[in-house]
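Colleague: If it helps, the file is called query.csv and holds CSV, N, CA and C atoms:
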```
chain,number,residue,atom,x,y,z
Y,1,MET,N,0.9,-1.2,0.0
Y,1,MET,CA,0.0,0.0,0.0
Y,1,MET,C,0.9,1.2,0.0
Y,2,THR,N,0.6,2.1,-0.9
Y,2,THR,CA,1.4,3.3,-1.0
Y,2,THR,C,1.0,4.3,0.1
Y,3,TYR,N,1.8,5.3,0.3
Y,3,TYR,CA,1.5,6.4,1.2
Y,3,TYR,C,0.1,7.1,0.9
Y,4,SER,N,0.0,7.3,-0.4
Y,4,SER,CA,-1.2,8.0,-0.9
Y,4,SER,C,-2.5,7.1,-0.7
Y,5,ASP,N,-2.3,5.8,-0.9
Y,5,ASP,CA,-3.4,4.8,-0.7
Y,5,ASP,C,-3.8,4.8,0.8
Y,6,ARG,N,-2.8,4.9,1.7
Y,6,ARG,CA,-3.0,4.9,3.1
Y,6,ARG,C,-3.8,6.1,3.5
Y,7,ILE,N,-3.4,7.3,3.0
Y,7,ILE,CA,-4.0,8.5,3.3
Y,7,ILE,C,-5.5,8.5,2.8
Y,8,ASN,N,-5.7,8.0,1.6
Y,8,ASN,CA,-7.1,7.9,1.1
Y,8,ASN,C,-7.9,7.0,1.9
Y,9,LEU,N,-7.4,5.9,2.4
Y,9,LEU,CA,-8.1,4.9,3.2
Y,9,LEU,C,-8.4,5.6,4.6
Y,10,LEU,N,-7.5,6.3,5.2
Y,10,LEU,CA,-7.8,7.0,6.4
Y,10,LEU,C,-8.9,8.0,6.3
Y,11,GLN,N,-8.9,8.7,5.1
Y,11,GLN,CA,-9.9,9.7,4.9
Y,11,GLN,C,-11.3,9.0,4.7
Y,12,LEU,N,-11.3,7.9,4.0
Y,12,LEU,CA,-12.6,7.2,3.9
Y,12,LEU,C,-13.1,6.7,5.2
Y,13,ILE,N,-12.2,6.1,6.0
Y,13,ILE,CA,-12.6,5.6,7.3
Y,13,ILE,C,-13.1,6.8,8.2
Y,14,GLY,N,-12.4,7.9,8.1
Y,14,GLY,CA,-12.8,9.1,8.9
Y,14,GLY,C,-14.1,9.6,8.5
Y,15,SER,N,-14.4,9.6,7.2
Y,15,SER,CA,-15.7,10.0,6.6
Y,15,SER,C,-16.8,9.1,7.2
Y,16,ASN,N,-16.6,7.8,7.2
Y,16,ASN,CA,-17.6,6.9,7.7
Y,16,ASN,C,-17.8,7.0,9.2
Y,17,ILE,N,-16.7,7.3,9.9
Y,17,ILE,CA,-16.9,7.5,11.4
Y,17,ILE,C,-17.8,8.8,11.6
Y,18,ARG,N,-17.4,9.8,10.9
Y,18,ARG,CA,-18.2,11.1,11.0
Y,18,ARG,C,-19.7,10.9,10.7
Y,19,LEU,N,-19.9,10.2,9.5
Y,19,LEU,CA,-21.3,9.9,9.1
Y,19,LEU,C,-22.0,9.2,10.2
Y,20,GLU,N,-21.4,8.1,10.7
Y,20,GLU,CA,-22.1,7.3,11.7
Y,20,GLU,C,-22.3,8.1,13.0
Y,21,ARG,N,-21.3,8.9,13.4
Y,21,ARG,CA,-21.4,9.7,14.6
Y,21,ARG,C,-22.6,10.6,14.5
Y,22,THR,N,-22.7,11.4,13.4
Y,22,THR,CA,-23.8,12.3,13.2
Y,22,THR,C,-25.1,11.7,13.0
Y,23,LYS,N,-25.1,10.5,12.3
Y,23,LYS,CA,-26.4,9.8,12.1
Y,23,LYS,C,-26.9,9.3,13.5
Y,24,ASN,N,-26.0,9.0,14.4
Y,24,ASN,CA,-26.4,8.5,15.7
Y,24,ASN,C,-26.5,9.6,16.7
Y,25,ASN,N,-26.4,10.9,16.3
Y,25,ASN,CA,-26.6,12.0,17.1
Y,25,ASN,C,-25.6,12.1,18.3
Y,26,PHE,N,-24.4,11.7,18.1
Y,26,PHE,CA,-23.3,11.8,19.1
Y,26,PHE,C,-22.5,13.1,18.8
Y,27,SER,N,-22.1,13.8,19.8
Y,27,SER,CA,-21.1,14.8,19.6
Y,27,SER,C,-19.7,14.2,19.7
Y,28,VAL,N,-18.7,14.9,19.3
Y,28,VAL,CA,-17.4,14.4,19.3
Y,28,VAL,C,-17.0,14.0,20.8
Y,29,ARG,N,-17.4,14.9,21.7
Y,29,ARG,CA,-17.2,14.7,23.1
Y,29,ARG,C,-17.9,13.4,23.6
Y,30,GLU,N,-19.1,13.2,23.3
Y,30,GLU,CA,-19.9,12.0,23.7
Y,30,GLU,C,-19.2,10.7,23.2
Y,31,LEU,N,-18.9,10.7,21.9
Y,31,LEU,CA,-18.2,9.5,21.3
Y,31,LEU,C,-16.9,9.3,22.0
Y,32,ALA,N,-16.1,10.3,22.2
Y,32,ALA,CA,-14.8,10.2,22.9
Y,32,ALA,C,-15.0,9.5,24.3
Y,33,GLN,N,-16.0,10.0,25.0
Y,33,GLN,CA,-16.2,9.5,26.4
Y,33,GLN,C,-16.6,8.0,26.3
Y,34,LEU,N,-17.5,7.7,25.3
Y,34,LEU,CA,-18.0,6.3,25.2
Y,34,LEU,C,-16.8,5.3,24.9
Y,35,LEU,N,-15.9,5.8,24.1
Y,35,LEU,CA,-14.8,5.0,23.6
Y,35,LEU,C,-13.5,5.1,24.5
Y,36,GLY,N,-13.5,6.0,25.5
Y,36,GLY,CA,-12.4,6.2,26.3
Y,36,GLY,C,-11.2,6.8,25.6
Y,37,LEU,N,-11.5,7.7,24.6
Y,37,LEU,CA,-10.5,8.4,23.8
Y,37,LEU,C,-10.7,9.9,24.0
Y,38,SER,N,-9.7,10.6,23.6
Y,38,SER,CA,-9.8,12.1,23.7
Y,38,SER,C,-10.6,12.6,22.5
Y,39,GLU,N,-11.1,13.8,22.7
Y,39,GLU,CA,-11.9,14.5,21.6
Y,39,GLU,C,-10.9,14.7,20.4
Y,40,GLN,N,-9.7,15.1,20.7
Y,40,GLN,CA,-8.7,15.3,19.7
Y,40,GLN,C,-8.5,14.1,18.8
Y,41,THR,N,-8.4,12.9,19.5
Y,41,THR,CA,-8.2,11.7,18.7
Y,41,THR,C,-9.4,11.4,17.8
Y,42,ILE,N,-10.6,11.6,18.3
Y,42,ILE,CA,-11.8,11.4,17.4
Y,42,ILE,C,-11.8,12.4,16.3
Y,43,SER,N,-11.5,13.6,16.5
Y,43,SER,CA,-11.4,14.6,15.5
Y,43,SER,C,-10.4,14.3,14.4
Y,44,SER,N,-9.2,13.9,14.9
Y,44,SER,CA,-8.1,13.5,14.0
Y,44,SER,C,-8.5,12.3,13.1
Y,45,MET,N,-9.2,11.3,13.7
Y,45,MET,CA,-9.7,10.2,12.9
Y,45,MET,C,-10.7,10.6,11.9
Y,46,GLU,N,-11.6,11.5,12.3
Y,46,GLU,CA,-12.6,11.9,11.3
Y,46,GLU,C,-12.0,12.7,10.2
Y,47,ARG,N,-11.0,13.4,10.4
Y,47,ARG,CA,-10.3,14.2,9.3
Y,47,ARG,C,-9.4,13.3,8.5
Y,48,GLY,N,-9.2,12.0,8.9
Y,48,GLY,CA,-8.3,11.1,8.2
Y,48,GLY,C,-6.9,11.4,8.5
Y,49,ALA,N,-6.6,12.1,9.6
Y,49,ALA,CA,-5.2,12.4,9.9
Y,49,ALA,C,-4.5,11.2,10.7
Y,50,ARG,N,-5.4,10.3,11.3
Y,50,ARG,CA,-4.8,9.2,12.0
Y,50,ARG,C,-5.8,8.1,12.0
Y,51,GLY,N,-5.3,6.9,12.2
Y,51,GLY,CA,-6.2,5.7,12.4
Y,51,GLY,C,-6.2,5.3,13.9
Y,52,THR,N,-6.6,4.1,14.1
Y,52,THR,CA,-6.6,3.6,15.5
Y,52,THR,C,-6.5,2.1,15.4
Y,53,ASN,N,-6.5,1.4,16.6
Y,53,ASN,CA,-6.3,0.0,16.6
Y,53,ASN,C,-7.7,-0.7,16.4
Y,54,ILE,N,-7.6,-2.0,16.1
Y,54,ILE,CA,-8.8,-2.8,15.8
Y,54,ILE,C,-9.8,-2.8,17.0
Y,55,GLU,N,-9.3,-2.8,18.2
Y,55,GLU,CA,-10.2,-2.7,19.4
Y,55,GLU,C,-11.1,-1.5,19.4
Y,56,ASN,N,-10.5,-0.3,19.0
Y,56,ASN,CA,-11.3,0.9,19.0
Y,56,ASN,C,-12.3,0.9,17.8
Y,57,TYR,N,-11.9,0.3,16.7
Y,57,TYR,CA,-12.8,0.2,15.5
Y,57,TYR,C,-14.0,-0.7,15.9
Y,58,SER,N,-13.6,-1.8,16.7
Y,58,SER,CA,-14.7,-2.7,17.1
Y,58,SER,C,-15.6,-2.0,18.1
Y,59,LYS,N,-15.1,-1.2,19.0
Y,59,LYS,CA,-16.0,-0.5,20.0
Y,59,LYS,C,-16.9,0.5,19.2
Y,60,MET,N,-16.3,1.2,18.2
Y,60,MET,CA,-17.1,2.1,17.4
Y,60,MET,C,-18.2,1.4,16.7
Y,61,ALA,N,-17.9,0.3,16.1
Y,61,ALA,CA,-18.9,-0.5,15.4
Y,61,ALA,C,-20.0,-0.9,16.3
Y,62,ASP,N,-19.7,-1.3,17.5
Y,62,ASP,CA,-20.7,-1.6,18.5
Y,62,ASP,C,-21.6,-0.4,18.9
Y,63,VAL,N,-20.9,0.7,19.1
Y,63,VAL,CA,-21.7,1.9,19.5
Y,63,VAL,C,-22.6,2.3,18.4
Y,64,PHE,N,-22.1,2.2,17.1
Y,64,PHE,CA,-22.9,2.6,16.0
Y,64,PHE,C,-23.9,1.5,15.4
Y,65,ASP,N,-23.8,0.4,16.1
Y,65,ASP,CA,-24.6,-0.8,15.6
Y,65,ASP,C,-24.4,-1.1,14.1
Y,66,THR,N,-23.1,-1.2,13.8
Y,66,THR,CA,-22.7,-1.5,12.4
Y,66,THR,C,-21.5,-2.5,12.5
Y,67,THR,N,-20.8,-2.6,11.4
Y,67,THR,CA,-19.7,-3.6,11.3
Y,67,THR,C,-18.4,-2.8,11.1
Y,68,ILE,N,-17.3,-3.4,11.5
Y,68,ILE,CA,-16.0,-2.8,11.2
Y,68,ILE,C,-15.8,-2.7,9.7
Y,69,ASP,N,-16.3,-3.7,8.9
Y,69,ASP,CA,-16.2,-3.6,7.5
Y,69,ASP,C,-16.9,-2.4,6.9
Y,70,HIS,N,-18.0,-2.0,7.5
Y,70,HIS,CA,-18.7,-0.8,7.1
Y,70,HIS,C,-17.8,0.5,7.4
Y,71,LEU,N,-17.3,0.5,8.6
Y,71,LEU,CA,-16.5,1.7,9.0
Y,71,LEU,C,-15.3,1.8,8.1
Y,72,ILE,N,-14.6,0.7,7.7
Y,72,ILE,CA,-13.4,0.9,6.9
Y,72,ILE,C,-13.7,0.8,5.4
Y,73,GLY,N,-15.0,0.8,5.1
Y,73,GLY,CA,-15.3,0.9,3.6
Y,73,GLY,C,-15.3,-0.4,2.8
Y,74,ARG,N,-15.1,-1.5,3.5
Y,74,ARG,CA,-15.1,-2.8,2.8
Y,74,ARG,C,-16.5,-3.3,2.4
Y,75,ASP,N,-17.4,-2.9,3.2
Y,75,ASP,CA,-18.8,-3.4,3.0
Y,75,ASP,C,-19.7,-2.2,2.8
Y,76,MET,N,-19.9,-1.9,1.5
Y,76,MET,CA,-20.7,-0.7,1.2
Y,76,MET,C,-22.2,-1.1,1.0
Y,77,TYR,N,-22.6,-2.2,1.6
Y,77,TYR,CA,-24.0,-2.6,1.5
Y,77,TYR,C,-24.6,-2.2,2.8
Y,78,ARG,N,-25.7,-1.4,2.7
Y,78,ARG,CA,-26.4,-1.0,3.9
Y,78,ARG,C,-27.8,-1.7,3.9
Y,79,GLU,N,-27.9,-2.8,4.6
Y,79,GLU,CA,-29.2,-3.5,4.6
Y,79,GLU,C,-30.4,-2.7,5.0
Y,80,ASP,N,-30.1,-1.8,6.0
Y,80,ASP,CA,-31.2,-1.0,6.5
Y,80,ASP,C,-31.8,0.0,5.5
Y,81,ILE,N,-31.0,0.4,4.5
Y,81,ILE,CA,-31.6,1.3,3.4
Y,81,ILE,C,-31.5,0.6,2.1
Y,82,GLY,N,-31.1,-0.6,2.0
Y,82,GLY,CA,-31.0,-1.3,0.7
Y,82,GLY,C,-30.0,-0.7,-0.3
Y,83,PHE,N,-28.9,-0.3,0.2
Y,83,PHE,CA,-27.9,0.4,-0.6
Y,83,PHE,C,-26.7,-0.6,-0.9
Y,84,HIS,N,-26.3,-0.7,-2.1
Y,84,HIS,CA,-25.1,-1.4,-2.4
Y,84,HIS,C,-24.3,-0.7,-3.5
Y,85,ALA,N,-23.1,-0.4,-3.2
Y,85,ALA,CA,-22.2,0.2,-4.2
Y,85,ALA,C,-20.9,-0.5,-4.2
Y,86,PRO,N,-20.4,-0.9,-5.4
Y,86,PRO,CA,-19.1,-1.6,-5.4
Y,86,PRO,C,-18.1,-0.6,-5.0
Y,87,ASN,N,-17.0,-1.1,-4.5
Y,87,ASN,CA,-15.9,-0.3,-4.0
Y,87,ASN,C,-15.0,0.1,-5.3
Y,88,SER,N,-15.6,1.0,-6.1
Y,88,SER,CA,-14.9,1.5,-7.2
Y,88,SER,C,-14.2,2.8,-6.9
Y,89,LYS,N,-13.3,3.2,-7.7
Y,89,LYS,CA,-12.5,4.4,-7.5
Y,89,LYS,C,-13.5,5.6,-7.5
Y,90,LYS,N,-14.5,5.6,-8.4
Y,90,LYS,CA,-15.5,6.7,-8.5
Y,90,LYS,C,-16.2,6.8,-7.2
Y,91,ASN,N,-16.7,5.7,-6.6
Y,91,ASN,CA,-17.4,5.8,-5.3
Y,91,ASN,C,-16.5,6.2,-4.2
Y,92,MET,N,-15.3,5.8,-4.2
Y,92,MET,CA,-14.3,6.2,-3.1
Y,92,MET,C,-14.1,7.7,-3.2
Y,93,LYS,N,-13.9,8.2,-4.5
Y,93,LYS,CA,-13.6,9.6,-4.7
Y,93,LYS,C,-14.9,10.4,-4.2
Y,94,LEU,N,-16.0,9.9,-4.5
Y,94,LEU,CA,-17.3,10.6,-4.1
Y,94,LEU,C,-17.4,10.7,-2.6
Y,95,LEU,N,-17.1,9.6,-1.9
Y,95,LEU,CA,-17.2,9.5,-0.5
Y,95,LEU,C,-16.1,10.5,0.1
Y,96,LEU,N,-14.9,10.5,-0.4
Y,96,LEU,CA,-13.9,11.4,0.1
Y,96,LEU,C,-14.3,12.9,-0.1
Y,97,LYS,N,-14.8,13.2,-1.2
Y,97,LYS,CA,-15.3,14.6,-1.4
Y,97,LYS,C,-16.4,14.9,-0.5
Y,98,CYS,N,-17.3,14.0,-0.3
Y,98,CYS,CA,-18.4,14.3,0.6
Y,98,CYS,C,-18.0,14.5,2.1
Y,99,SER,N,-16.9,13.9,2.4
Y,99,SER,CA,-16.4,14.0,3.8
Y,99,SER,C,-15.9,15.4,4.1
Y,100,GLU,N,-15.6,16.2,3.0
Y,100,GLU,CA,-15.1,17.6,3.2
Y,100,GLU,C,-16.3,18.6,3.4
Y,101,LEU,N,-17.5,18.1,3.2
Y,101,LEU,CA,-18.7,19.0,3.3
Y,101,LEU,C,-19.1,19.3,4.7
Y,102,ASN,N,-19.6,20.5,4.9
Y,102,ASN,CA,-20.2,20.8,6.2
Y,102,ASN,C,-21.6,20.2,6.2
Y,103,GLU,N,-22.4,20.3,7.3
Y,103,GLU,CA,-23.7,19.8,7.4
Y,103,GLU,C,-24.7,20.4,6.3
Y,104,ALA,N,-24.6,21.7,6.2
Y,104,ALA,CA,-25.5,22.4,5.2
Y,104,ALA,C,-25.2,22.0,3.8
Y,105,GLN,N,-23.9,21.9,3.5
Y,105,GLN,CA,-23.5,21.5,2.1
Y,105,GLN,C,-23.9,20.1,1.8
Y,106,ALA,N,-23.8,19.2,2.8
Y,106,ALA,CA,-24.2,17.8,2.7
Y,106,ALA,C,-25.7,17.7,2.4
Y,107,GLU,N,-26.5,18.5,3.1
Y,107,GLU,CA,-27.9,18.5,2.9
Y,107,GLU,C,-28.3,18.9,1.5
Y,108,LEU,N,-27.6,19.9,1.0
Y,108,LEU,CA,-27.8,20.4,-0.4
Y,108,LEU,C,-27.5,19.3,-1.4
Y,109,VAL,N,-26.3,18.6,-1.2
Y,109,VAL,CA,-25.9,17.5,-2.1
Y,109,VAL,C,-27.0,16.4,-2.1
Y,110,LEU,N,-27.4,16.0,-0.9
Y,110,LEU,CA,-28.4,15.0,-0.8
Y,110,LEU,C,-29.7,15.3,-1.5
Y,111,ASN,N,-30.1,16.6,-1.3
Y,111,ASN,CA,-31.4,17.0,-2.0
Y,111,ASN,C,-31.2,17.0,-3.5
Y,112,PHE,N,-30.0,17.4,-4.0
Y,112,PHE,CA,-29.7,17.4,-5.4
Y,112,PHE,C,-29.8,16.0,-5.9
Y,113,ILE,N,-29.1,15.1,-5.2
Y,113,ILE,CA,-29.1,13.7,-5.7
Y,113,ILE,C,-30.6,13.1,-5.7
Y,114,ASP,N,-31.3,13.4,-4.7
Y,114,ASP,CA,-32.7,12.9,-4.6
Y,114,ASP,C,-33.5,13.5,-5.8
Y,115,ASN,N,-33.3,14.7,-6.1
Y,115,ASN,CA,-34.0,15.3,-7.3
Y,115,ASN,C,-33.5,14.8,-8.6
Y,116,LEU,N,-32.2,14.6,-8.7
Y,116,LEU,CA,-31.6,14.0,-9.9
Y,116,LEU,C,-32.3,12.6,-10.2
Y,117,ILE,N,-32.3,11.8,-9.2
Y,117,ILE,CA,-32.9,10.5,-9.4
Y,117,ILE,C,-34.4,10.6,-9.7
Y,118,LYS,N,-35.1,11.5,-8.9
Y,118,LYS,CA,-36.5,11.6,-9.1
Y,118,LYS,C,-36.9,12.0,-10.5
Y,119,TYR,N,-36.1,13.0,-11.1
Y,119,TYR,CA,-36.5,13.6,-12.4
Y,119,TYR,C,-35.9,12.9,-13.6
Y,120,THR,N,-34.8,12.2,-13.4
Y,120,THR,CA,-34.1,11.5,-14.5
Y,120,THR,C,-34.2,10.0,-14.4
Y,121,GLY,N,-34.5,9.5,-13.3
Y,121,GLY,CA,-34.6,8.0,-13.1
Y,121,GLY,C,-33.1,7.5,-12.9
Y,122,GLU,N,-33.1,6.3,-12.4
Y,122,GLU,CA,-31.7,5.7,-12.2
Y,122,GLU,C,-31.1,5.4,-13.5
Y,123,VAL,N,-29.8,5.6,-13.5
Y,123,VAL,CA,-29.0,5.3,-14.7
Y,123,VAL,C,-28.6,3.8,-14.7
Y,124,SER,N,-28.9,3.1,-15.7
Y,124,SER,CA,-28.5,1.6,-15.7
Y,124,SER,C,-27.0,1.5,-16.0
Y,125,ASP,N,-26.4,0.4,-15.8
Y,125,ASP,CA,-25.0,0.1,-16.0
Y,125,ASP,C,-24.7,0.3,-17.5
Y,126,ASP,N,-25.6,-0.1,-18.4
Y,126,ASP,CA,-25.5,0.0,-19.9
Y,126,ASP,C,-25.4,1.5,-20.3
Y,127,GLU,N,-26.2,2.3,-19.7
Y,127,GLU,CA,-26.2,3.8,-20.0
Y,127,GLU,C,-24.9,4.4,-19.5
Y,128,GLU,N,-24.4,4.0,-18.3
Y,128,GLU,CA,-23.1,4.5,-17.8
Y,128,GLU,C,-22.0,4.2,-18.8
Y,129,LYS,N,-22.0,3.0,-19.3
Y,129,LYS,CA,-20.9,2.6,-20.2
Y,129,LYS,C,-20.9,3.4,-21.5
Y,130,LYS,N,-22.1,3.7,-22.0
Y,130,LYS,CA,-22.2,4.5,-23.2
Y,130,LYS,C,-21.5,5.9,-23.0
Y,131,ASP,N,-21.7,6.4,-21.7
Y,131,ASP,CA,-21.2,7.8,-21.4
Y,131,ASP,C,-19.7,7.8,-21.3
Y,132,GLU,N,-19.1,6.7,-21.0
Y,132,GLU,CA,-17.6,6.7,-20.7
Y,132,GLU,C,-16.8,6.7,-21.9
```
I need this file expressed as structure tokens, please.
Modeller:
Amino acid sequence: MTYSDRINLLQLIGSNIRLERTKNNFSVRELAQLLGLSEQTISSMERGARGTNIENYSKMADVFDTTIDHLIGRDMYREDIGFHAPNSKKNMKLLLKCSELNEAQAELVLNFIDNLIKYTGEVSDDEEKKDE
């Protein structure tokens, strides 16, 4: 794994941690207290500036009622919402870009995507290949 790959992976993991934390209505302080970590450690992980050990990922997965695979981006299938996306470079890039958004920007992007699907319908794999 190259240095760049490691940085991208840490950013993806951080994005997933932040998404799960906000989805579960935890502040950075609350999550830090639950995990026995500092607020600075949680913030650094969410920014992709650092990782942690498997025990902490396991605790996080338990707190968020998800899997370690989901947190680290290996399992992009979300049974609760019926979502499955292959781990392609496009999807990883999209997730990384989304992790840079603040809450208001994220809401705008979600609304845009909802409207895009509503008014244009889902694009099939065949249509995507034609565009490439």
Colleague: Just the residues within 8 Å of Thr41 (chain Y), please, counting only C-alpha atoms, with nothing from its chain fewer than 4 positions along; format it as a compact mmCIF listing (two decimals) with N, CA and C atoms, in the coordinates of the input.
Modeller:
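Output file result-v5.txt follows:
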```txt
# COMPACT_ATOMS: atom_id res chain seq x y z
N ALA Y 32 -16.10 10.30 22.20
CA ALA Y 32 -14.80 10.20 22.90
C ALA Y 32 -15.00 9.50 24.30
N LEU Y 37 -11.50 7.70 24.60
CA LEU Y 37 -10.50 8.40 23.80
C LEU Y 37 -10.70 9.90 24.00
N MET Y 45 -9.20 11.30 13.70
CA MET Y 45 -9.70 10.20 12.90
C MET Y 45 -10.70 10.60 11.90
N ARG Y 50 -5.40 10.30 11.30
CA ARG Y 50 -4.80 9.20 12.00
C ARG Y 50 -5.80 8.10 12.00
```
Colleague: For the atom pair CA of Phe112 (chain Y) and CA of Leu94 (chain Y), what is the interatomic distance in Å to one decimal place?
Modeller: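 Here the two named atoms are 14.2 Å from each other.
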Colleague: Rounded to one decimal, what separation in Å do you get between CA of Lys59 (chain Y) and CA of Leu35 (chain Y)?
Modeller: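 Going from CA of Lys59 (chain Y) over to CA of Leu35 (chain Y), I get 6.7 Å.
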Colleague: Report, in Å to a single decimal, how far apart CA of Lys118 (chain Y) and CA of Glu20 (chain Y) are.
Modeller: 25.7 Å
